[in-house]
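work.cif (mmCIF, C-alpha atoms and all ligand atoms)
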data_work
loop_
_atom_site.label_atom_id
_atom_site.label_comp_id
_atom_site.auth_asym_id
_atom_site.auth_seq_id
_atom_site.Cartn_x
_atom_site.Cartn_y
_atom_site.Cartn_z
CA MET A 1 57.03 -46.51 79.04
CA ALA A 2 60.70 -46.40 78.07
CA THR A 3 61.43 -48.26 74.87
CA MET A 4 64.44 -50.55 74.52
CA SER A 5 66.26 -48.00 72.32
CA ASN A 6 65.62 -45.21 74.84
CA ASN A 7 66.99 -47.48 77.52
CA LEU A 8 70.15 -48.08 75.49
CA ILE A 9 70.76 -44.36 75.00
CA THR A 10 70.02 -43.62 78.68
CA GLN A 11 72.57 -46.24 79.70
CA LEU A 12 75.17 -45.05 77.17
CA ASN A 13 74.85 -41.62 78.77
CA TRP A 14 75.15 -43.24 82.23
CA ARG A 15 78.44 -44.97 81.42
CA TYR A 16 81.78 -43.21 81.44
CA ALA A 17 85.42 -44.28 81.42
CA THR A 18 85.70 -45.03 85.12
CA LYS A 19 89.03 -43.91 86.61
CA ALA A 20 88.36 -44.94 90.22
CA PHE A 21 86.52 -48.11 91.21
CA ASP A 22 85.36 -49.04 94.71
CA PRO A 23 87.94 -51.78 95.46
CA SER A 24 85.60 -53.52 97.93
CA ALA A 25 82.65 -53.76 95.50
CA LYS A 26 82.46 -56.98 93.48
CA ILE A 27 80.08 -57.50 90.61
CA SER A 28 77.71 -60.47 90.75
CA ASP A 29 78.34 -63.68 88.80
CA GLN A 30 75.05 -63.08 86.98
CA LYS A 31 76.14 -59.68 85.65
CA LEU A 32 79.63 -60.95 84.86
CA ASN A 33 78.17 -63.87 82.91
CA THR A 34 75.94 -61.53 80.90
CA ILE A 35 78.96 -59.41 79.95
CA LEU A 36 81.00 -62.50 79.03
CA GLU A 37 78.12 -63.84 76.94
CA ALA A 38 77.96 -60.51 75.06
CA LEU A 39 81.70 -60.91 74.35
CA ARG A 40 81.18 -64.48 73.09
CA LEU A 41 78.29 -63.39 70.85
CA THR A 42 80.38 -60.69 69.14
CA PRO A 43 80.45 -61.18 65.37
CA SER A 44 83.82 -61.43 63.59
CA SER A 45 85.02 -61.42 59.99
CA TYR A 46 84.22 -64.83 58.41
CA GLY A 47 83.05 -65.85 61.91
CA LEU A 48 86.62 -66.82 62.80
CA GLU A 49 86.43 -65.61 66.44
CA PRO A 50 90.18 -64.93 66.40
CA TRP A 51 90.31 -64.16 70.11
CA ALA A 52 90.09 -65.15 73.75
CA PHE A 53 88.89 -63.11 76.72
CA ILE A 54 90.90 -63.46 79.92
CA VAL A 55 88.97 -62.60 83.08
CA VAL A 56 91.24 -61.67 85.99
CA LYS A 57 89.86 -61.48 89.51
CA ASP A 58 93.00 -62.47 91.46
CA GLN A 59 94.20 -59.34 93.32
CA GLU A 60 97.89 -60.14 93.04
CA ILE A 61 97.63 -60.52 89.24
CA LYS A 62 95.54 -57.32 88.99
CA ASN A 63 98.29 -55.48 90.92
CA ARG A 64 100.93 -56.69 88.47
CA LEU A 65 98.74 -55.72 85.52
CA MET A 66 98.31 -52.26 87.08
CA THR A 67 102.10 -51.82 87.16
CA ALA A 68 102.19 -52.90 83.49
CA SER A 69 99.50 -50.26 82.76
CA TYR A 70 101.70 -47.29 83.69
CA GLY A 71 100.29 -47.38 87.22
CA GLN A 72 96.65 -46.79 86.18
CA MET A 73 94.88 -47.58 89.46
CA GLN A 74 91.58 -48.65 87.90
CA VAL A 75 93.29 -51.94 86.92
CA ALA A 76 94.05 -52.84 90.55
CA GLN A 77 90.77 -51.47 91.94
CA ALA A 78 88.37 -53.07 89.45
CA SER A 79 86.27 -56.04 90.49
CA HIS A 80 87.46 -57.91 87.37
CA VAL A 81 89.87 -57.04 84.57
CA ILE A 82 88.96 -58.40 81.14
CA VAL A 83 91.90 -58.68 78.75
CA LEU A 84 90.75 -59.01 75.15
CA ALA A 85 93.46 -61.00 73.37
CA VAL A 86 93.86 -62.13 69.77
CA ARG A 87 95.20 -65.36 68.35
CA THR A 88 98.62 -65.57 66.74
CA ASP A 89 97.88 -68.99 65.18
CA VAL A 90 95.20 -68.22 62.61
CA ASN A 91 96.83 -70.22 59.80
CA ASP A 92 95.75 -72.80 57.22
CA GLN A 93 95.38 -75.50 59.87
CA PHE A 94 93.22 -73.23 62.01
CA VAL A 95 90.98 -72.53 58.99
CA ASP A 96 90.71 -76.26 58.22
CA ASN A 97 89.63 -76.94 61.82
CA PHE A 98 87.24 -73.99 61.67
CA THR A 99 85.41 -75.12 58.52
CA SER A 100 85.32 -78.81 59.47
CA THR A 101 83.87 -77.93 62.90
CA LYS A 102 81.22 -75.81 61.15
CA GLU A 103 80.41 -78.62 58.74
CA GLN A 104 80.06 -81.16 61.55
CA ALA A 105 77.91 -78.82 63.66
CA ALA A 106 75.54 -78.26 60.72
CA GLY A 107 75.52 -81.94 59.69
CA MET A 108 77.06 -81.13 56.28
CA PRO A 109 79.21 -83.62 54.33
CA ALA A 110 82.96 -82.96 54.68
CA GLY A 111 84.15 -80.53 52.03
CA THR A 112 80.83 -78.64 51.72
CA LEU A 113 82.59 -75.46 52.85
CA ALA A 114 85.64 -75.96 50.60
CA ALA A 115 85.09 -72.72 48.66
CA TYR A 116 84.62 -70.77 51.89
CA ASN A 117 87.73 -72.43 53.31
CA GLY A 118 89.75 -71.34 50.25
CA MET A 119 88.44 -67.79 50.45
CA ILE A 120 89.47 -67.43 54.11
CA LYS A 121 92.92 -68.89 53.43
CA GLY A 122 93.26 -66.44 50.51
CA SER A 123 92.62 -63.58 52.93
CA ILE A 124 95.01 -64.67 55.65
CA ASN A 125 97.78 -65.69 53.24
CA SER A 126 97.66 -62.29 51.49
CA LEU A 127 98.74 -60.66 54.79
CA THR A 128 101.95 -60.83 56.83
CA ALA A 129 101.77 -62.34 60.32
CA GLU A 130 101.77 -58.84 61.83
CA GLN A 131 99.03 -57.65 59.43
CA ASN A 132 96.92 -60.67 60.40
CA ILE A 133 97.29 -59.76 64.09
CA GLN A 134 96.27 -56.16 63.33
CA TRP A 135 93.21 -57.47 61.45
CA HIS A 136 92.26 -59.68 64.41
CA LYS A 137 92.71 -56.71 66.75
CA LYS A 138 90.08 -54.80 64.76
CA GLN A 139 87.70 -57.65 65.55
CA ALA A 140 88.67 -57.46 69.23
CA TYR A 141 87.57 -53.82 69.30
CA ILE A 142 84.10 -54.88 68.15
CA ALA A 143 84.03 -57.19 71.18
CA LEU A 144 85.16 -54.27 73.34
CA GLY A 145 82.16 -52.28 72.12
CA PHE A 146 79.75 -55.13 72.79
CA ALA A 147 81.17 -55.58 76.29
CA MET A 148 80.95 -51.86 77.12
CA ALA A 149 77.34 -51.73 75.93
CA ALA A 150 76.51 -54.85 77.97
CA CYS A 151 78.17 -53.28 81.03
CA ALA A 152 76.14 -50.11 80.56
CA LEU A 153 72.86 -52.06 80.34
CA GLU A 154 73.82 -54.05 83.47
CA GLU A 155 74.92 -50.87 85.33
CA VAL A 156 78.42 -52.19 85.65
CA ASP A 157 81.14 -49.55 85.31
CA SER A 158 84.04 -50.03 82.93
CA CYS A 159 87.12 -48.31 81.53
CA PRO A 160 88.31 -49.17 78.01
CA MET A 161 92.12 -49.11 77.99
CA GLU A 162 94.90 -49.04 75.45
CA GLY A 163 97.36 -47.59 77.97
CA PHE A 164 99.22 -50.79 78.89
CA ASP A 165 102.33 -52.68 77.83
CA ALA A 166 101.06 -55.64 75.79
CA SER A 167 104.27 -57.68 76.05
CA GLN A 168 104.25 -57.37 79.86
CA PHE A 169 100.57 -58.35 79.94
CA ASP A 170 101.36 -61.36 77.74
CA ASP A 171 104.14 -62.42 80.15
CA ILE A 172 102.06 -61.96 83.31
CA LEU A 173 99.12 -63.92 81.88
CA GLY A 174 101.19 -66.57 80.06
CA LEU A 175 99.51 -65.70 76.75
CA LYS A 176 102.39 -66.54 74.40
CA GLU A 177 102.13 -70.24 75.33
CA LEU A 178 98.44 -70.08 74.41
CA ASN A 179 99.17 -68.47 70.99
CA LEU A 180 97.55 -65.24 72.14
CA THR A 181 98.58 -61.60 72.50
CA SER A 182 96.80 -58.80 74.38
CA ALA A 183 94.84 -56.31 72.26
CA VAL A 184 92.80 -54.08 74.59
CA VAL A 185 91.75 -54.12 78.24
CA LEU A 186 88.48 -53.53 80.09
CA PRO A 187 88.51 -53.23 83.89
CA ILE A 188 84.94 -53.57 85.18
CA GLY A 189 83.38 -52.95 88.59
CA ILE A 190 81.52 -50.35 90.58
CA ARG A 191 82.55 -46.69 90.48
CA SER A 192 84.06 -45.14 93.60
CA ALA A 193 82.01 -42.34 95.19
CA GLU A 194 85.28 -40.36 94.98
CA ASP A 195 85.69 -40.66 91.20
CA LYS A 196 85.88 -37.09 89.92
CA MET A 197 85.39 -38.30 86.33
CA ALA A 198 81.83 -39.32 87.25
CA MET A 199 80.94 -35.61 87.69
CA VAL A 200 82.20 -34.54 84.25
CA PRO A 201 79.25 -34.01 81.89
CA LYS A 202 79.20 -36.28 78.82
CA SER A 203 80.85 -34.44 75.95
CA ARG A 204 80.51 -35.44 72.30
CA ARG A 205 80.82 -33.60 69.00
CA THR A 206 77.57 -32.78 67.25
CA ASP A 207 79.03 -32.71 63.71
CA VAL A 208 79.94 -36.36 63.25
CA ILE A 209 76.75 -37.57 61.58
CA ILE A 210 76.84 -36.87 57.84
CA THR A 211 73.65 -37.51 55.94
CA LYS A 212 73.60 -37.73 52.14
C1 LIG A 301 90.17 -47.81 72.81
C2 LIG A 301 90.18 -46.90 74.01
C3 LIG A 301 91.33 -46.79 74.78
C4 LIG A 301 91.33 -46.01 75.95
N1 LIG A 301 92.43 -46.03 76.78
C5 LIG A 301 92.32 -45.44 78.00
C6 LIG A 301 93.35 -45.62 78.99
O1 LIG A 301 94.34 -46.30 78.80
N2 LIG A 301 93.17 -45.02 80.20
C7 LIG A 301 92.06 -44.27 80.48
O2 LIG A 301 91.95 -43.77 81.60
N3 LIG A 301 91.07 -44.09 79.57
C8 LIG A 301 91.17 -44.66 78.35
N4 LIG A 301 90.15 -44.52 77.43
C9 LIG A 301 88.94 -43.74 77.81
C10 LIG A 301 88.67 -42.53 76.91
O3 LIG A 301 89.53 -41.47 77.26
C11 LIG A 301 87.19 -42.15 77.09
O4 LIG A 301 86.40 -43.25 76.70
C12 LIG A 301 86.81 -40.94 76.24
O5 LIG A 301 87.47 -39.79 76.72
C13 LIG A 301 85.29 -40.68 76.24
O6 LIG A 301 84.81 -40.52 77.55
P1 LIG A 301 83.69 -41.46 78.18
O7 LIG A 301 84.10 -42.87 77.87
O8 LIG A 301 83.78 -41.17 79.65
O9 LIG A 301 82.37 -41.12 77.59
C14 LIG A 301 90.16 -45.26 76.28
C15 LIG A 301 89.03 -45.35 75.45
C16 LIG A 301 89.02 -46.18 74.36
C17 LIG A 301 87.74 -46.33 73.56
#
Mind turning this structure into structure tokens?
Ligand SMILES: Cc1cc2nc3c(=O)[nH]c(=O)nc-3n(C[C@H](O)[C@H](O)[C@H](O)COP(=O)(O)O)c2cc1C
Amino acid sequence: MATMSNNLITQLNWRYATKAFDPSAKISDQKLNTILEALRLTPSSYGLEPWAFIVVKDQEIKNRLMTASYGQMQVAQASHVIVLAVRTDVNDQFVDNFTSTKEQAAGMPAGTLAAYNGMIKGSINSLTAEQNIQWHKKQAYIALGFAMAACALEEVDSCPMEGFDASQFDDILGLKELNLTSAVVLPIGIRSAEDKMAMVPKSRRTDVIITK
């Protein structure tokens, strides 16, 4: 019987960066919800969850995002396009809301997390606004990994993408008004039978594990 870990490795071999999706194939709500739940469960530094995940299924919006992705067709053809965005408003007030929400949820007296609150503010205030966004983007890439693994286990195809114009994405999706900016993109769907990339054998270096 296949063990869970064997299953994971089998599915990580099954997945590949899908260049051509079947535009008529839509993924089920059940699979989509599993992938979105994996995104939501992603851990982040201090638990700040400095992100939002925009799920685009509207064809007209996907077409515009495709144009803003240097014409990469997988964006228009995918069943759904997930845009992993990070917050631009992680400031002292955000941290105060964050720790008070945690205190309330755990039934702790107000101020219990004061030291934690101060530590987080120390981190964010030691960085410029741009450095904070870069830090949050690192967290978004963890979410990208969780989502790709969830897709693989659900047999949903995906293509991680950095090849897009973030400011155009932000305009198309109205992200600035939401204090968000696009970090990385994941079109998901079902591979086209025509996708030549599906035939390419998985290729990985064998010298990347260093044991001491
Ligand atoms: C962060 C990231 C960004 C990527 N950006 C693109 C992209 O814009 N367009 C594309 O076709 N593939 C993109 N790729 C796919 C990689 O080329 C692909 O994952 C890599 O060659 C390994 O192949 P595999 O995913 O099929 O195993 C990206 C992958 C990652 C992880």
Could you give me, as a JSON list (two decimals) with C-alpha atoms, in the coordinates of the input, the residues within 9 Å of Asn91 (chain A), counting all atoms listed in the file and dropping anything in the same chain fewer than 2 positions from it?
[["chain", "number", "residue", "atom", "x", "y", "z"],
["A", 88, "THR", "CA", 98.62, -65.57, 66.74],
["A", 89, "ASP", "CA", 97.88, -68.99, 65.18],
["A", 93, "GLN", "CA", 95.38, -75.50, 59.87],
["A", 94, "PHE", "CA", 93.22, -73.23, 62.01],
["A", 95, "VAL", "CA", 90.98, -72.53, 58.99],
["A", 96, "ASP", "CA", 90.71, -76.26, 58.22],
["A", 121, "LYS", "CA", 92.92, -68.89, 53.43],
["A", 124, "ILE", "CA", 95.01, -64.67, 55.65],
["A", 125, "ASN", "CA", 97.78, -65.69, 53.24]]
>> Show me which residues are within 12 Å of ligand LIG 301 (chain A) counting all atoms listed in the file, and format the list as a ChimeraX atom specification.
In response: /A:11-21,66,68-75,84,137-138,140-149,152,157-166,183-187,195-205
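Reported to one decimal place, the separation of CA of Thr181 (chain A) from CA of His136 (chain A) is 10.4 Å.
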Residues within 8 Å of Arg87 (chain A), all atoms listed in the file, excluding chain neighbours under 2 positions, as a compact mmCIF listing (two decimals) with C-alpha atoms, keeping the file's coordinate frame:
# COMPACT_ATOMS: atom_id res chain seq x y z
CA PRO A 50 90.18 -64.93 66.40
CA TRP A 51 90.31 -64.16 70.11
CA ALA A 52 90.09 -65.15 73.75
CA ALA A 85 93.46 -61.00 73.37
CA ASP A 89 97.88 -68.99 65.18
CA VAL A 90 95.20 -68.22 62.61
CA ILE A 133 97.29 -59.76 64.09
CA HIS A 136 92.26 -59.68 64.41
CA ASN A 179 99.17 -68.47 70.99
CA LEU A 180 97.55 -65.24 72.14
CA THR A 181 98.58 -61.60 72.50
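We find CA of Asn117 (chain A) and CA of Ala105 (chain A) to be spaced 15.6 Å apart.
For the set A:Asp207, A:Lys62, A:Thr99, A:Leu127, the residue with the smallest atom-to-atom gap to Ala115 (chain A) is A:Thr99, counting all atoms listed in the file.
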Residue contacts of Glu103 (chain A) (8 Å, all atoms listed in the file) excluding same-chain residues fewer than 6 positions away, as a PDB file with C-alpha atoms, in the frame of the given file:
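Written file, around26.pdb:
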ATOM      1  CA  PRO A 109      79.210 -83.620  54.330  1.00  0.00           C
ATOM      2  CA  ALA A 110      82.960 -82.960  54.680  1.00  0.00           C
ATOM      3  CA  GLY A 111      84.150 -80.530  52.030  1.00  0.00           C
ATOM      4  CA  THR A 112      80.830 -78.640  51.720  1.00  0.00           C
ATOM      5  CA  LEU A 113      82.590 -75.460  52.850  1.00  0.00           C
TER       6      LEU A 113
END
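If you look at CA of Asn97 (chain A) and CA of Leu178 (chain A), they are 16.8 Å away from each other.
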> Which protein, DNA or RNA residues are at most 10 Å from (85.5, -59.5, 84.2) in the file's coordinates when you count all atoms listed in the file, listed as number ranges by chain?
Replying inline: A: 27, 29, 31-33, 35-36, 53-57, 78-83, 147, 158, 186-189
